[in-house]
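One file, final38.cif, is given below (mmCIF, C-alpha atoms and all ligand atoms).
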```cif
data_structure
#
loop_
_atom_site.label_atom_id
_atom_site.label_comp_id
_atom_site.auth_asym_id
_atom_site.auth_seq_id
_atom_site.Cartn_x
_atom_site.Cartn_y
_atom_site.Cartn_z
CA MET A 29 99.17 84.47 85.70
CA ILE A 30 98.20 87.93 84.40
CA THR A 31 96.25 88.58 81.24
CA LEU A 32 95.26 91.90 79.80
CA ARG A 33 92.73 91.38 77.06
CA ASP A 34 91.90 94.10 74.55
CA ILE A 35 92.50 96.90 77.05
CA TYR A 36 91.65 100.54 76.31
CA LYS A 37 91.81 103.61 78.49
CA VAL A 38 90.41 106.88 77.21
CA PHE A 39 90.64 109.98 79.42
CA GLN A 40 88.10 112.70 78.74
CA THR A 41 89.85 116.05 78.98
CA LYS A 42 88.78 119.59 78.18
CA ASP A 43 90.81 119.30 74.99
CA GLY A 44 88.97 116.15 73.97
CA PRO A 45 89.53 112.43 74.56
CA VAL A 46 93.09 111.13 75.20
CA ARG A 47 93.65 107.49 74.23
CA ALA A 48 96.29 106.65 76.85
CA VAL A 49 96.08 102.89 76.23
CA ASP A 50 94.83 101.92 72.82
CA GLY A 51 94.10 98.20 72.53
CA ILE A 52 96.66 96.09 74.39
CA ASP A 53 96.82 92.33 74.82
CA LEU A 54 99.46 90.94 77.17
CA ARG A 55 100.10 87.65 78.91
CA ILE A 56 102.54 87.48 81.79
CA ASN A 57 103.56 84.10 83.15
CA GLU A 58 103.99 83.22 86.80
CA GLY A 59 107.45 84.01 88.17
CA GLU A 60 108.37 86.19 85.21
CA ILE A 61 109.99 89.63 85.36
CA PHE A 62 108.13 91.47 82.63
CA GLY A 63 109.33 94.92 81.55
CA VAL A 64 107.37 97.56 79.69
CA ILE A 65 109.52 100.27 78.11
CA GLY A 66 108.47 103.47 76.37
CA TYR A 67 109.06 107.20 76.33
CA SER A 68 107.14 109.62 78.50
CA GLY A 69 103.49 109.72 77.49
CA ALA A 70 103.50 106.26 75.86
CA GLY A 71 100.87 105.06 78.34
CA LYS A 72 103.03 102.89 80.63
CA SER A 73 101.78 104.26 83.96
CA THR A 74 98.18 104.02 82.85
CA LEU A 75 98.75 100.43 81.76
CA ILE A 76 100.42 99.27 84.98
CA ARG A 77 97.78 101.04 87.10
CA MET A 78 95.11 99.00 85.33
CA VAL A 79 96.72 95.76 86.51
CA ASN A 80 95.54 96.54 90.07
CA MET A 81 92.57 98.66 88.96
CA LEU A 82 93.95 101.91 90.41
CA GLU A 83 92.74 102.93 86.96
CA ARG A 84 89.69 101.15 85.55
CA PRO A 85 89.91 100.27 81.85
CA THR A 86 87.44 101.97 79.54
CA GLN A 87 87.20 98.59 77.83
CA GLY A 88 88.79 95.17 78.22
CA GLU A 89 89.52 92.55 80.85
CA VAL A 90 92.27 92.22 83.44
CA THR A 91 92.76 88.78 84.98
CA VAL A 92 95.21 88.21 87.83
CA ALA A 93 95.72 84.67 89.22
CA GLY A 94 92.55 83.48 87.54
CA ARG A 95 90.38 86.30 88.88
CA ASN A 96 88.77 88.81 86.54
CA LEU A 97 89.40 92.12 88.32
CA SER A 98 87.35 94.12 85.85
CA GLN A 99 84.17 92.57 87.30
CA LEU A 100 84.90 93.11 91.00
CA HIS A 101 83.22 95.71 93.21
CA GLU A 102 85.26 98.02 95.47
CA LYS A 103 85.14 95.72 98.52
CA GLU A 104 86.19 92.57 96.66
CA LEU A 105 88.77 94.61 94.81
CA ARG A 106 90.39 95.78 98.05
CA LYS A 107 90.86 92.13 98.99
CA ALA A 108 92.17 91.17 95.55
CA ARG A 109 94.67 94.07 95.72
CA GLN A 110 96.38 92.46 98.70
CA GLU A 111 97.76 89.96 96.20
CA ILE A 112 99.30 92.78 94.17
CA GLY A 113 102.01 94.94 95.74
CA MET A 114 103.21 98.16 94.14
CA ILE A 115 106.26 100.41 94.40
CA PHE A 116 106.64 103.92 93.02
CA GLN A 117 109.25 106.29 91.64
CA HIS A 118 108.91 108.68 94.58
CA PHE A 119 108.43 105.91 97.14
CA ASN A 120 105.08 107.21 98.57
CA LEU A 121 106.15 106.60 102.18
CA LEU A 122 104.43 108.01 105.25
CA TRP A 123 106.84 110.69 106.43
CA SER A 124 105.67 110.81 110.05
CA ARG A 125 106.14 107.05 110.51
CA THR A 126 109.37 105.16 111.09
CA VAL A 127 110.68 102.46 108.75
CA ARG A 128 109.11 99.80 110.99
CA GLU A 129 105.77 101.63 111.12
CA ASN A 130 105.72 102.18 107.36
CA ILE A 131 106.23 98.48 106.72
CA ALA A 132 103.64 97.53 109.35
CA PHE A 133 101.01 99.83 107.82
CA PRO A 134 99.50 97.44 105.24
CA LEU A 135 99.47 94.70 107.90
CA GLU A 136 97.47 96.95 110.25
CA ILE A 137 94.98 97.61 107.45
CA ALA A 138 94.70 93.87 106.79
CA GLY A 139 93.91 93.37 110.52
CA VAL A 140 97.04 91.37 111.37
CA LYS A 141 97.54 91.19 115.18
CA LYS A 142 100.52 92.95 116.81
CA PRO A 143 102.77 89.93 117.62
CA GLU A 144 102.38 88.49 114.11
CA ARG A 145 102.85 91.97 112.64
CA ASP A 146 106.13 92.45 114.52
CA ARG A 147 107.39 89.07 113.41
CA ARG A 148 106.54 89.79 109.79
CA VAL A 149 108.11 93.27 109.86
CA ASP A 150 111.37 91.81 111.27
CA GLU A 151 111.40 89.27 108.47
CA LEU A 152 110.83 91.93 105.81
CA ILE A 153 113.49 94.25 107.21
CA LYS A 154 115.99 91.43 106.93
CA LEU A 155 114.84 90.51 103.42
CA VAL A 156 115.36 94.03 102.03
CA GLY A 157 118.60 94.71 103.92
CA LEU A 158 117.43 97.43 106.32
CA ALA A 159 118.55 95.93 109.62
CA GLY A 160 119.64 98.70 112.00
CA ARG A 161 117.44 101.36 110.36
CA GLU A 162 114.10 100.22 111.83
CA GLU A 163 113.55 103.34 113.92
CA SER A 164 114.67 105.89 111.30
CA TYR A 165 112.21 108.21 109.58
CA PRO A 166 112.10 108.35 105.77
CA SER A 167 113.73 111.80 105.76
CA GLN A 168 116.80 110.23 107.38
CA LEU A 169 117.23 107.62 104.63
CA SER A 170 118.98 107.62 101.26
CA GLY A 171 116.92 107.13 98.08
CA GLY A 172 117.92 103.48 97.86
CA GLN A 173 116.95 102.85 101.48
CA LYS A 174 113.59 104.56 100.93
CA GLN A 175 112.90 102.26 98.02
CA ARG A 176 113.84 99.28 100.21
CA VAL A 177 111.15 100.41 102.64
CA GLY A 178 108.75 100.70 99.68
CA ILE A 179 109.59 97.15 98.62
CA ALA A 180 109.20 95.73 102.14
CA ARG A 181 105.84 97.47 102.51
CA ALA A 182 104.68 96.17 99.13
CA LEU A 183 105.61 92.61 100.14
CA ALA A 184 104.04 92.77 103.61
CA ASN A 185 100.85 90.89 102.73
CA ASN A 186 102.65 88.20 100.71
CA PRO A 187 101.48 89.32 97.27
CA LYS A 188 101.83 87.13 94.19
CA VAL A 189 102.57 90.09 91.97
CA LEU A 190 104.75 93.18 92.36
CA LEU A 191 104.15 96.23 90.15
CA CYS A 192 107.09 98.63 89.82
CA ASP A 193 106.25 102.07 88.47
CA GLU A 194 109.61 103.63 87.41
CA ALA A 195 110.95 102.33 90.73
CA THR A 196 114.58 103.23 90.03
CA SER A 197 114.14 106.41 87.99
CA ALA A 198 114.90 108.69 90.95
CA LEU A 199 118.06 106.78 91.91
CA ASP A 200 121.70 107.08 90.83
CA PRO A 201 123.15 104.24 88.69
CA LYS A 202 124.85 102.38 91.55
CA THR A 203 121.77 102.47 93.78
CA THR A 204 119.63 101.50 90.78
CA ASP A 205 121.74 98.38 90.33
CA ALA A 206 121.46 97.47 94.02
CA ILE A 207 117.65 97.82 93.94
CA LEU A 208 117.45 95.80 90.70
CA ASP A 209 119.56 93.07 92.35
CA LEU A 210 117.11 93.06 95.25
CA LEU A 211 114.17 92.67 92.85
CA VAL A 212 115.86 89.68 91.19
CA ASP A 213 116.56 88.22 94.61
CA ILE A 214 112.93 88.40 95.73
CA ASN A 215 111.73 87.19 92.33
CA GLU A 216 113.87 84.08 92.80
CA LYS A 217 113.35 83.57 96.54
CA LEU A 218 109.61 84.17 96.61
CA GLY A 219 108.67 83.19 93.04
CA LEU A 220 107.07 86.61 92.72
CA THR A 221 105.80 87.77 89.33
CA ILE A 222 107.11 91.29 88.63
CA ILE A 223 105.86 93.85 86.12
CA LEU A 224 107.95 96.95 85.79
CA ILE A 225 107.70 100.03 83.66
CA THR A 226 110.70 102.12 82.74
CA HIS A 227 112.17 104.39 80.10
CA GLU A 228 115.67 102.93 80.65
CA MET A 229 116.82 99.99 78.56
CA HIS A 230 119.49 99.30 81.17
CA VAL A 231 116.76 98.21 83.60
CA ILE A 232 115.24 95.85 81.02
CA ARG A 233 118.64 94.46 80.11
CA LYS A 234 119.65 93.79 83.67
CA ILE A 235 116.65 91.99 85.10
CA CYS A 236 113.76 91.34 82.70
CA HIS A 237 112.92 88.03 81.06
CA GLN A 238 110.32 89.53 78.72
CA VAL A 239 109.87 93.01 77.33
CA ALA A 240 107.06 94.94 75.65
CA VAL A 241 107.83 98.21 73.86
CA MET A 242 105.07 100.82 74.06
CA GLU A 243 104.42 103.76 71.78
CA ALA A 244 101.31 105.96 71.68
CA GLY A 245 99.18 103.60 73.78
CA LYS A 246 100.08 100.47 71.85
CA VAL A 247 102.58 97.64 72.26
CA VAL A 248 104.67 97.84 69.08
CA GLU A 249 106.97 94.91 69.82
CA GLN A 250 107.37 92.26 72.48
CA GLY A 251 109.22 89.04 73.25
CA PRO A 252 112.00 87.50 75.34
CA VAL A 253 114.63 90.18 76.08
CA ARG A 254 117.32 88.10 74.43
CA GLU A 255 115.39 87.90 71.14
CA VAL A 256 114.41 91.56 71.14
CA PHE A 257 118.06 92.55 71.70
CA ARG A 258 119.25 90.22 69.01
CA LYS A 259 116.76 91.36 66.40
CA PRO A 260 114.89 94.55 67.25
CA LYS A 261 112.29 95.05 64.50
CA GLU A 262 110.63 98.39 65.12
CA ALA A 263 112.41 101.76 64.92
CA MET A 264 111.38 102.54 68.50
CA THR A 265 112.89 99.28 69.76
CA LYS A 266 116.12 99.88 67.85
CA GLU A 267 116.39 103.27 69.50
CA PHE A 268 116.08 101.74 72.97
CA VAL A 269 118.56 98.96 72.23
CA LYS A 270 121.01 101.62 71.01
CA GLN A 271 120.82 103.27 74.45
CA ILE A 272 123.07 100.57 75.83
CA THR A 273 125.04 99.34 72.85
CA GLU A 274 126.20 102.46 71.16
CA PRO A 275 127.96 105.29 72.90
CA GLU A 276 127.66 108.62 71.11
CA GLU A 277 131.29 108.56 69.96
CA THR A 278 130.53 105.47 67.87
CA ALA A 279 128.47 107.47 65.38
CA ASP A 280 131.41 109.83 64.80
CA ALA A 281 133.87 106.99 64.38
CA ILE A 282 131.57 105.23 61.89
CA SER A 283 131.02 108.39 59.82
CA HIS A 284 134.76 108.84 59.68
CA MET A 285 135.33 105.25 58.50
CA LEU A 286 132.65 105.53 55.83
CA ALA A 287 134.17 108.73 54.51
CA GLU A 288 137.73 107.38 54.56
CA SER A 289 137.00 104.21 52.71
CA PRO A 290 134.03 104.49 50.30
CA GLU A 291 134.67 100.96 48.97
CA GLY A 292 134.75 99.37 52.40
CA LYS A 293 131.83 98.50 54.64
CA VAL A 294 131.03 99.13 58.28
CA VAL A 295 128.97 96.37 59.82
CA GLN A 296 127.34 95.93 63.19
CA LEU A 297 127.51 92.41 64.60
CA THR A 298 125.16 91.30 67.34
CA PHE A 299 125.96 88.21 69.41
CA VAL A 300 123.90 86.53 72.08
CA GLY A 301 124.95 83.87 74.59
CA GLU A 302 127.75 81.49 73.61
CA GLU A 303 128.33 83.27 70.32
CA THR A 304 130.01 86.08 72.27
CA GLU A 305 132.83 83.71 73.16
CA ARG A 306 133.85 82.55 69.67
CA PRO A 307 136.98 83.91 67.95
CA LEU A 308 135.09 85.16 64.92
CA ILE A 309 137.33 88.08 63.96
CA SER A 310 140.54 86.07 63.80
CA GLN A 311 138.78 83.48 61.58
CA LEU A 312 137.64 86.30 59.34
CA ILE A 313 141.13 87.72 58.86
CA ARG A 314 142.62 84.28 58.25
CA GLN A 315 140.04 83.15 55.68
CA PHE A 316 139.49 86.30 53.61
CA ASP A 317 141.77 88.78 51.95
CA ILE A 318 140.45 91.79 53.84
CA ASP A 319 141.45 94.26 56.53
CA VAL A 320 139.32 94.36 59.64
CA ASN A 321 139.24 97.44 61.82
CA ILE A 322 137.41 97.36 65.12
CA VAL A 323 135.43 100.58 65.61
CA GLN A 324 133.75 99.81 68.91
CA GLY A 325 132.66 96.77 70.85
CA LYS A 326 130.84 95.93 74.02
CA ILE A 327 129.67 92.83 75.83
CA THR A 328 127.00 93.19 78.49
CA LYS A 329 125.18 90.79 80.75
CA ILE A 330 121.47 90.28 80.25
CA GLN A 331 119.11 88.22 82.40
CA ALA A 332 119.53 85.29 79.99
CA GLY A 333 123.32 85.28 79.48
CA SER A 334 125.56 87.68 77.56
CA TYR A 335 124.85 90.07 74.77
CA GLY A 336 127.49 91.73 72.63
CA THR A 337 127.72 94.24 69.81
CA LEU A 338 130.73 94.92 67.69
CA PHE A 339 131.17 97.54 64.99
CA ILE A 340 133.85 96.62 62.47
CA ALA A 341 135.05 98.20 59.24
CA LEU A 342 135.90 95.78 56.42
CA ASP A 343 138.22 96.90 53.66
CA GLY A 344 139.24 94.96 50.54
CA LYS A 345 137.82 93.78 47.23
CA PRO A 346 133.99 93.95 47.14
CA GLU A 347 133.62 90.21 46.49
CA GLN A 348 135.89 89.40 49.45
CA ILE A 349 133.86 91.71 51.68
CA GLU A 350 130.59 90.09 50.55
CA ALA A 351 132.02 86.62 51.19
CA ALA A 352 133.19 87.69 54.65
CA ILE A 353 129.72 89.02 55.51
CA ALA A 354 128.12 85.78 54.30
CA PHE A 355 130.60 83.86 56.49
CA ILE A 356 129.64 85.88 59.59
CA ARG A 357 125.93 85.33 58.85
CA SER A 358 126.55 81.57 58.65
CA LYS A 359 127.77 81.75 62.28
CA GLN A 360 124.33 82.74 63.61
CA VAL A 361 125.50 86.26 64.29
CA GLU A 362 123.20 89.12 63.32
CA VAL A 363 124.85 91.39 60.77
CA GLU A 364 123.72 94.84 59.76
CA VAL A 365 125.60 96.77 57.11
CA ILE A 366 125.67 100.43 58.06
CA SER A 367 125.51 102.70 55.05
CA HIS A 368 124.91 106.00 56.82
CA VAL A 369 124.84 107.35 60.35
CA GLU A 370 121.75 109.06 61.72
N1 LIG B 1 94.21 111.24 84.63
C1 LIG B 1 94.48 111.61 83.37
N2 LIG B 1 93.69 112.48 82.73
C2 LIG B 1 93.93 112.85 81.45
N3 LIG B 1 94.96 112.39 80.72
C3 LIG B 1 95.80 111.51 81.28
C4 LIG B 1 95.60 111.07 82.64
N4 LIG B 1 96.59 110.19 82.94
C5 LIG B 1 97.36 110.10 81.85
N5 LIG B 1 96.89 110.87 80.85
C6 LIG B 1 97.46 110.99 79.49
O1 LIG B 1 97.61 109.69 78.95
C7 LIG B 1 98.82 109.59 78.20
C8 LIG B 1 99.67 108.47 78.76
O2 LIG B 1 100.13 108.85 80.05
P1 LIG B 1 100.97 107.89 81.00
O3 LIG B 1 101.28 108.63 82.26
O4 LIG B 1 100.28 106.58 81.12
O5 LIG B 1 102.31 107.69 80.14
P2 LIG B 1 103.73 107.18 80.60
O6 LIG B 1 104.26 106.38 79.48
O7 LIG B 1 103.62 106.51 81.92
O8 LIG B 1 104.54 108.49 80.74
P3 LIG B 1 105.27 109.10 82.06
O9 LIG B 1 106.45 108.24 82.29
O10 LIG B 1 105.62 110.50 81.64
O11 LIG B 1 104.24 109.06 83.15
C9 LIG B 1 99.47 110.96 78.25
O12 LIG B 1 99.12 111.66 77.09
C10 LIG B 1 98.85 111.60 79.48
O13 LIG B 1 98.80 112.99 79.36
#
```
Could you write out this file's structure as structure tokens?
Ligand SMILES: Nc1ncnc2c1ncn2[C@@H]1O[C@H](COP(=O)(O)OP(=O)(O)OP(=O)(O)O)[C@@H](O)[C@H]1O
Amino acid sequence: MITLRDIYKVFQTKDGPVRAVDGIDLRINEGEIFGVIGYSGAGKSTLIRMVNMLERPTQGEVTVAGRNLSQLHEKELRKARQEIGMIFQHFNLLWSRTVRENIAFPLEIAGVKKPERDRRVDELIKLVGLAGREESYPSQLSGGQKQRVGIARALANNPKVLLCDEATSALDPKTTDAILDLLVDINEKLGLTIILITHEMHVIRKICHQVAVMEAGKVVEQGPVREVFRKPKEAMTKEFVKQITEPEETADAISHMLAESPEGKVVQLTFVGEETERPLISQLIRQFDIDVNIVQGKITKIQAGSYGTLFIALDGKPEQIEAAIAFIRSKQVEVEVISHVE
């Protein structure tokens, strides 16, 4: 559906060239929710803005629905962009227009006649859950409602792709969840392909099928969310996964355990899907002559099922501990022995 091939973007600044995107290849399948995560300055905005050519790549090709956008002239590009909707962190609404008029705006530009425009706007208002607020102005809406207007406006011309540029970063956690639910809903109802950029792993966890991790203009790791959560390879990815698995108190509790029992071991177990439902710990205690202390545990929902992490401290004879760890590994659970806390 979308391919980015060998994409570079170099900005010339008075301090010299800035390589915002430094050689990226990505393939995004139709109907997928594809997340790009990275810290500020990683190049995420620049990357997503190249998908609709708001930013032209210095080098490389962008293909959307079989059309190579890098070769199009302004006029053809304007037409191609109707297939790609976009929403923004700060909504970018027209403040002097009502909700209805904001949503109708892209339809006016596309030359859609008034009766058809009205019908379409009614449909969109229903889809995003804004019934009753049609005549309000953006200043009279909450952040979540403003983003609903942004989403309705982005969908007005029936795009195949929706780009979300930090679309929930200005919202509180509850409103963020409601907007993410809406994105999943339209992804499923309309078969829309969604690319989103974010610095919050929670957003990736909740709705994405695939994730790419960006650092200094490059994609350092990518794959299905489930796999990346199960086995993050790069340090940057591990840091992001930690955002949702490990509250700060865990580090203290682990340090304490390590200090208390130098012979024992603290291990982090990672479960995905059905594995989260098996009674692993009770089997462990029954089969091995060890003590098991639970330090911290959490099960969360991801797009593709459940994902759980559990920190446990094992105490006993070294050979019993080793055997217990081998037993856990044989159950398809990821095991990491923690020897120090960062
Ligand atoms: N128009 C521009 N001119 C010069 N440099 C730019 C321009 N746009 C972005 N950059 C630089 O490119 C790099 C990547 O920026 P970008 O905004 O894509 O990152 P980001 O991951 O989206 O971060 P943020 O979330 O803070 O926007 C940064 O070093 C930034 O300063």
Exercise: residues within 7 Å of coordinate (97.6, 90.1, 87.4), counting only C-alpha atoms, as a compact mmCIF listing (two decimals) with C-alpha atoms, keeping the file's coordinate frame:
```txt
# COMPACT_ATOMS: atom_id res chain seq x y z
CA MET A 29 99.17 84.47 85.70
CA ILE A 30 98.20 87.93 84.40
CA THR A 31 96.25 88.58 81.24
CA VAL A 79 96.72 95.76 86.51
CA VAL A 90 92.27 92.22 83.44
CA THR A 91 92.76 88.78 84.98
CA VAL A 92 95.21 88.21 87.83
CA ALA A 93 95.72 84.67 89.22
CA VAL A 189 102.57 90.09 91.97
```
Exercise for review: Would you list the residues that come within 8 Å of ligand LIG 1 (chain B)? Count only C-alpha atoms and all ligand atoms and give the answer as JSON, numbers by chain.
Suggested key: {"A": [38, 39, 40, 41, 46, 47, 48, 49, 66, 67, 68, 69, 70, 71, 72, 73, 74, 75, 194, 225, 226, 227, 242, 244, 245]}
Practice item. For segment 145-152 of chain A, work out the shell of residues within 9 Å, counting all atoms listed in the file and skipping chain neighbours fewer than 6 positions away, then give it as a list in words. Key: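 Answer for this query is Arg128, Glu129, Ile131, Ala132, Leu135, Glu136, Leu158, Ala159, Glu162, Ile179, Ala180, Arg181, Leu183 and Ala184 of chain A.
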Env of segment 356-360 of chain A: 9 Å cut, atoms = only C-alpha atoms, seq-sep filter 5 positions within chain, self excluded. Answer as a CSV table (one decimal) with C-alpha atoms, keeping the file's coordinate frame.
```csv
chain,number,residue,atom,x,y,z
A,297,LEU,CA,127.5,92.4,64.6
A,299,PHE,CA,126.0,88.2,69.4
A,303,GLU,CA,128.3,83.3,70.3
A,308,LEU,CA,135.1,85.2,64.9
A,312,LEU,CA,137.6,86.3,59.3
A,351,ALA,CA,132.0,86.6,51.2
```
Need the shell around Arg106 of chain A: protein/DNA/RNA residues with any atom at most 12 Å away, counting only C-alpha atoms. Skip same-chain ones fewer than 6 positions apart. Format as a short mmCIF file (atom, residue, chain, number, x, y, z; two decimals) with C-alpha atoms, keeping the file's coordinate frame?
```
data_model
loop_
_atom_site.label_atom_id
_atom_site.label_comp_id
_atom_site.auth_asym_id
_atom_site.auth_seq_id
_atom_site.Cartn_x
_atom_site.Cartn_y
_atom_site.Cartn_z
CA ASN A 80 95.54 96.54 90.07
CA MET A 81 92.57 98.66 88.96
CA LEU A 82 93.95 101.91 90.41
CA LEU A 97 89.40 92.12 88.32
CA LEU A 100 84.90 93.11 91.00
CA ILE A 112 99.30 92.78 94.17
CA GLY A 113 102.01 94.94 95.74
CA PRO A 134 99.50 97.44 105.24
CA ILE A 137 94.98 97.61 107.45
CA ALA A 138 94.70 93.87 106.79
#
```
Exercise for review: Between atom CA of Lys259 of chain A and atom CA of Ala281 of chain A, measure the distance and give it in Å to one decimal.
Suggested key: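 That distance, rounded to one decimal, is 23.3 Å.
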At a cut-off of 12 Å, using all atoms listed in the file, what residues contact Leu208 of chain A? Leave out same-chain residues fewer than 4 positions from it and give the result as a PDB file with C-alpha atoms, keeping the file's coordinate frame.
```
ATOM      1  CA  ILE A  61     109.990  89.630  85.360  1.00  0.00           C
ATOM      2  CA  VAL A 156     115.360  94.030 102.030  1.00  0.00           C
ATOM      3  CA  GLY A 172     117.920 103.480  97.860  1.00  0.00           C
ATOM      4  CA  GLN A 175     112.900 102.260  98.020  1.00  0.00           C
ATOM      5  CA  ARG A 176     113.840  99.280 100.210  1.00  0.00           C
ATOM      6  CA  ILE A 179     109.590  97.150  98.620  1.00  0.00           C
ATOM      7  CA  CYS A 192     107.090  98.630  89.820  1.00  0.00           C
ATOM      8  CA  GLU A 194     109.610 103.630  87.410  1.00  0.00           C
ATOM      9  CA  ALA A 195     110.950 102.330  90.730  1.00  0.00           C
ATOM     10  CA  THR A 196     114.580 103.230  90.030  1.00  0.00           C
ATOM     11  CA  SER A 197     114.140 106.410  87.990  1.00  0.00           C
ATOM     12  CA  LEU A 199     118.060 106.780  91.910  1.00  0.00           C
ATOM     13  CA  PRO A 201     123.150 104.240  88.690  1.00  0.00           C
ATOM     14  CA  LYS A 202     124.850 102.380  91.550  1.00  0.00           C
ATOM     15  CA  THR A 203     121.770 102.470  93.780  1.00  0.00           C
ATOM     16  CA  THR A 204     119.630 101.500  90.780  1.00  0.00           C
ATOM     17  CA  VAL A 212     115.860  89.680  91.190  1.00  0.00           C
ATOM     18  CA  ASP A 213     116.560  88.220  94.610  1.00  0.00           C
ATOM     19  CA  ILE A 214     112.930  88.400  95.730  1.00  0.00           C
ATOM     20  CA  ASN A 215     111.730  87.190  92.330  1.00  0.00           C
ATOM     21  CA  ILE A 222     107.110  91.290  88.630  1.00  0.00           C
ATOM     22  CA  LEU A 224     107.950  96.950  85.790  1.00  0.00           C
ATOM     23  CA  HIS A 230     119.490  99.300  81.170  1.00  0.00           C
ATOM     24  CA  VAL A 231     116.760  98.210  83.600  1.00  0.00           C
ATOM     25  CA  ILE A 232     115.240  95.850  81.020  1.00  0.00           C
ATOM     26  CA  ARG A 233     118.640  94.460  80.110  1.00  0.00           C
ATOM     27  CA  LYS A 234     119.650  93.790  83.670  1.00  0.00           C
ATOM     28  CA  ILE A 235     116.650  91.990  85.100  1.00  0.00           C
ATOM     29  CA  CYS A 236     113.760  91.340  82.700  1.00  0.00           C
ATOM     30  CA  GLN A 331     119.110  88.220  82.400  1.00  0.00           C
TER      31      GLN A 331
END
```
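Separating atom CA of Arg161 of chain A from atom CA of Val140 of chain A is a distance of 22.7 Å.
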**Study point:** Contacts of Ala352 of chain A at 10 Å (all atoms listed in the file; same-chain gap of 3+ positions) as an MDAnalysis selection string
**Key:** chainID A and resid 311:313 315:318 342 346:349 355:358
Exercise for review: Between atom CA of Val295 of chain A and atom CA of Leu338 of chain A, measure the distance and give it in Å to one decimal.
Suggested key: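 Distance reported for this atom pair: 8.2 Å.
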Review point. Within 12 Å of (124.4, 103.5, 73.1), only C-alpha atoms: residues as a ChimeraX atom specification?
Key: /A:228-230,266-279,324-326,328,337-338
Mind writing the picked residues with C-alpha atoms as a PDB file, in the frame of the given file?
```pdb
ATOM      1  CA  GLU A 228     115.670 102.930  80.650  1.00  0.00           C
ATOM      2  CA  MET A 229     116.820  99.990  78.560  1.00  0.00           C
ATOM      3  CA  HIS A 230     119.490  99.300  81.170  1.00  0.00           C
ATOM      4  CA  LYS A 266     116.120  99.880  67.850  1.00  0.00           C
ATOM      5  CA  GLU A 267     116.390 103.270  69.500  1.00  0.00           C
ATOM      6  CA  PHE A 268     116.080 101.740  72.970  1.00  0.00           C
ATOM      7  CA  VAL A 269     118.560  98.960  72.230  1.00  0.00           C
ATOM      8  CA  LYS A 270     121.010 101.620  71.010  1.00  0.00           C
ATOM      9  CA  GLN A 271     120.820 103.270  74.450  1.00  0.00           C
ATOM     10  CA  ILE A 272     123.070 100.570  75.830  1.00  0.00           C
ATOM     11  CA  THR A 273     125.040  99.340  72.850  1.00  0.00           C
ATOM     12  CA  GLU A 274     126.200 102.460  71.160  1.00  0.00           C
ATOM     13  CA  PRO A 275     127.960 105.290  72.900  1.00  0.00           C
ATOM     14  CA  GLU A 276     127.660 108.620  71.110  1.00  0.00           C
ATOM     15  CA  GLU A 277     131.290 108.560  69.960  1.00  0.00           C
ATOM     16  CA  THR A 278     130.530 105.470  67.870  1.00  0.00           C
ATOM     17  CA  ALA A 279     128.470 107.470  65.380  1.00  0.00           C
ATOM     18  CA  GLN A 324     133.750  99.810  68.910  1.00  0.00           C
ATOM     19  CA  GLY A 325     132.660  96.770  70.850  1.00  0.00           C
ATOM     20  CA  LYS A 326     130.840  95.930  74.020  1.00  0.00           C
ATOM     21  CA  THR A 328     127.000  93.190  78.490  1.00  0.00           C
ATOM     22  CA  THR A 337     127.720  94.240  69.810  1.00  0.00           C
ATOM     23  CA  LEU A 338     130.730  94.920  67.690  1.00  0.00           C
TER      24      LEU A 338
END
```
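Minimum atom-to-atom distance to Ile35 of chain A, evaluated using all atoms listed in the file, belongs to A:Lys246 out of A:Lys246, A:Arg306, A:Lys107, A:Lys188.
The closest residue to His284 of chain A, picked from A:Gly219, A:Phe116, A:Val323, A:Phe133 and counting all atoms listed in the file, is A:Val323.
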Taking every listed atom of segment 351-364 of chain A and adding 8 Å to each side, what centre and edge lengths in Å (one decimal) does the axis-aligned box have, as lines of an AutoDock Vina configuration file?
```
center_x = 128.2
center_y = 88.2
center_z = 57.7
size_x = 26.0
size_y = 29.3
size_z = 29.1
```
Study note, to complete from the structure: Min atom-atom distance to Thr221 of chain A from the set A:Ala287, A:Ile56, A:Ala198, A:Leu32, counting only C-alpha atoms, belongs to A:Ile56
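If you measure from each of A:Asp343, A:Asp209, A:Asp193, A:Glu362 to Phe257 of chain A using only C-alpha atoms, the closest one turns out to be A:Glu362.
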Provide segment 350-355 of chain A rebuilt to N, CA and C atoms, formatted as a short mmCIF file (atom, residue, chain, number, x, y, z; two decimals), in the coordinates of the input.
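Saved result, part.cif, follows:
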```cif
data_model
loop_
_atom_site.label_atom_id
_atom_site.label_comp_id
_atom_site.auth_asym_id
_atom_site.auth_seq_id
_atom_site.Cartn_x
_atom_site.Cartn_y
_atom_site.Cartn_z
N GLU A 350 131.88 90.79 50.57
CA GLU A 350 130.59 90.09 50.55
C GLU A 350 130.72 88.68 51.11
N ALA A 351 131.81 87.99 50.72
CA ALA A 351 132.02 86.62 51.19
C ALA A 351 132.23 86.61 52.71
N ALA A 352 132.94 87.63 53.20
CA ALA A 352 133.19 87.69 54.65
C ALA A 352 131.88 87.90 55.40
N ILE A 353 131.02 88.77 54.85
CA ILE A 353 129.72 89.02 55.51
C ILE A 353 128.87 87.75 55.51
N ALA A 354 128.89 87.04 54.38
CA ALA A 354 128.12 85.78 54.30
C ALA A 354 128.65 84.77 55.33
N PHE A 355 129.98 84.77 55.51
CA PHE A 355 130.60 83.86 56.49
C PHE A 355 130.10 84.19 57.91
#
```
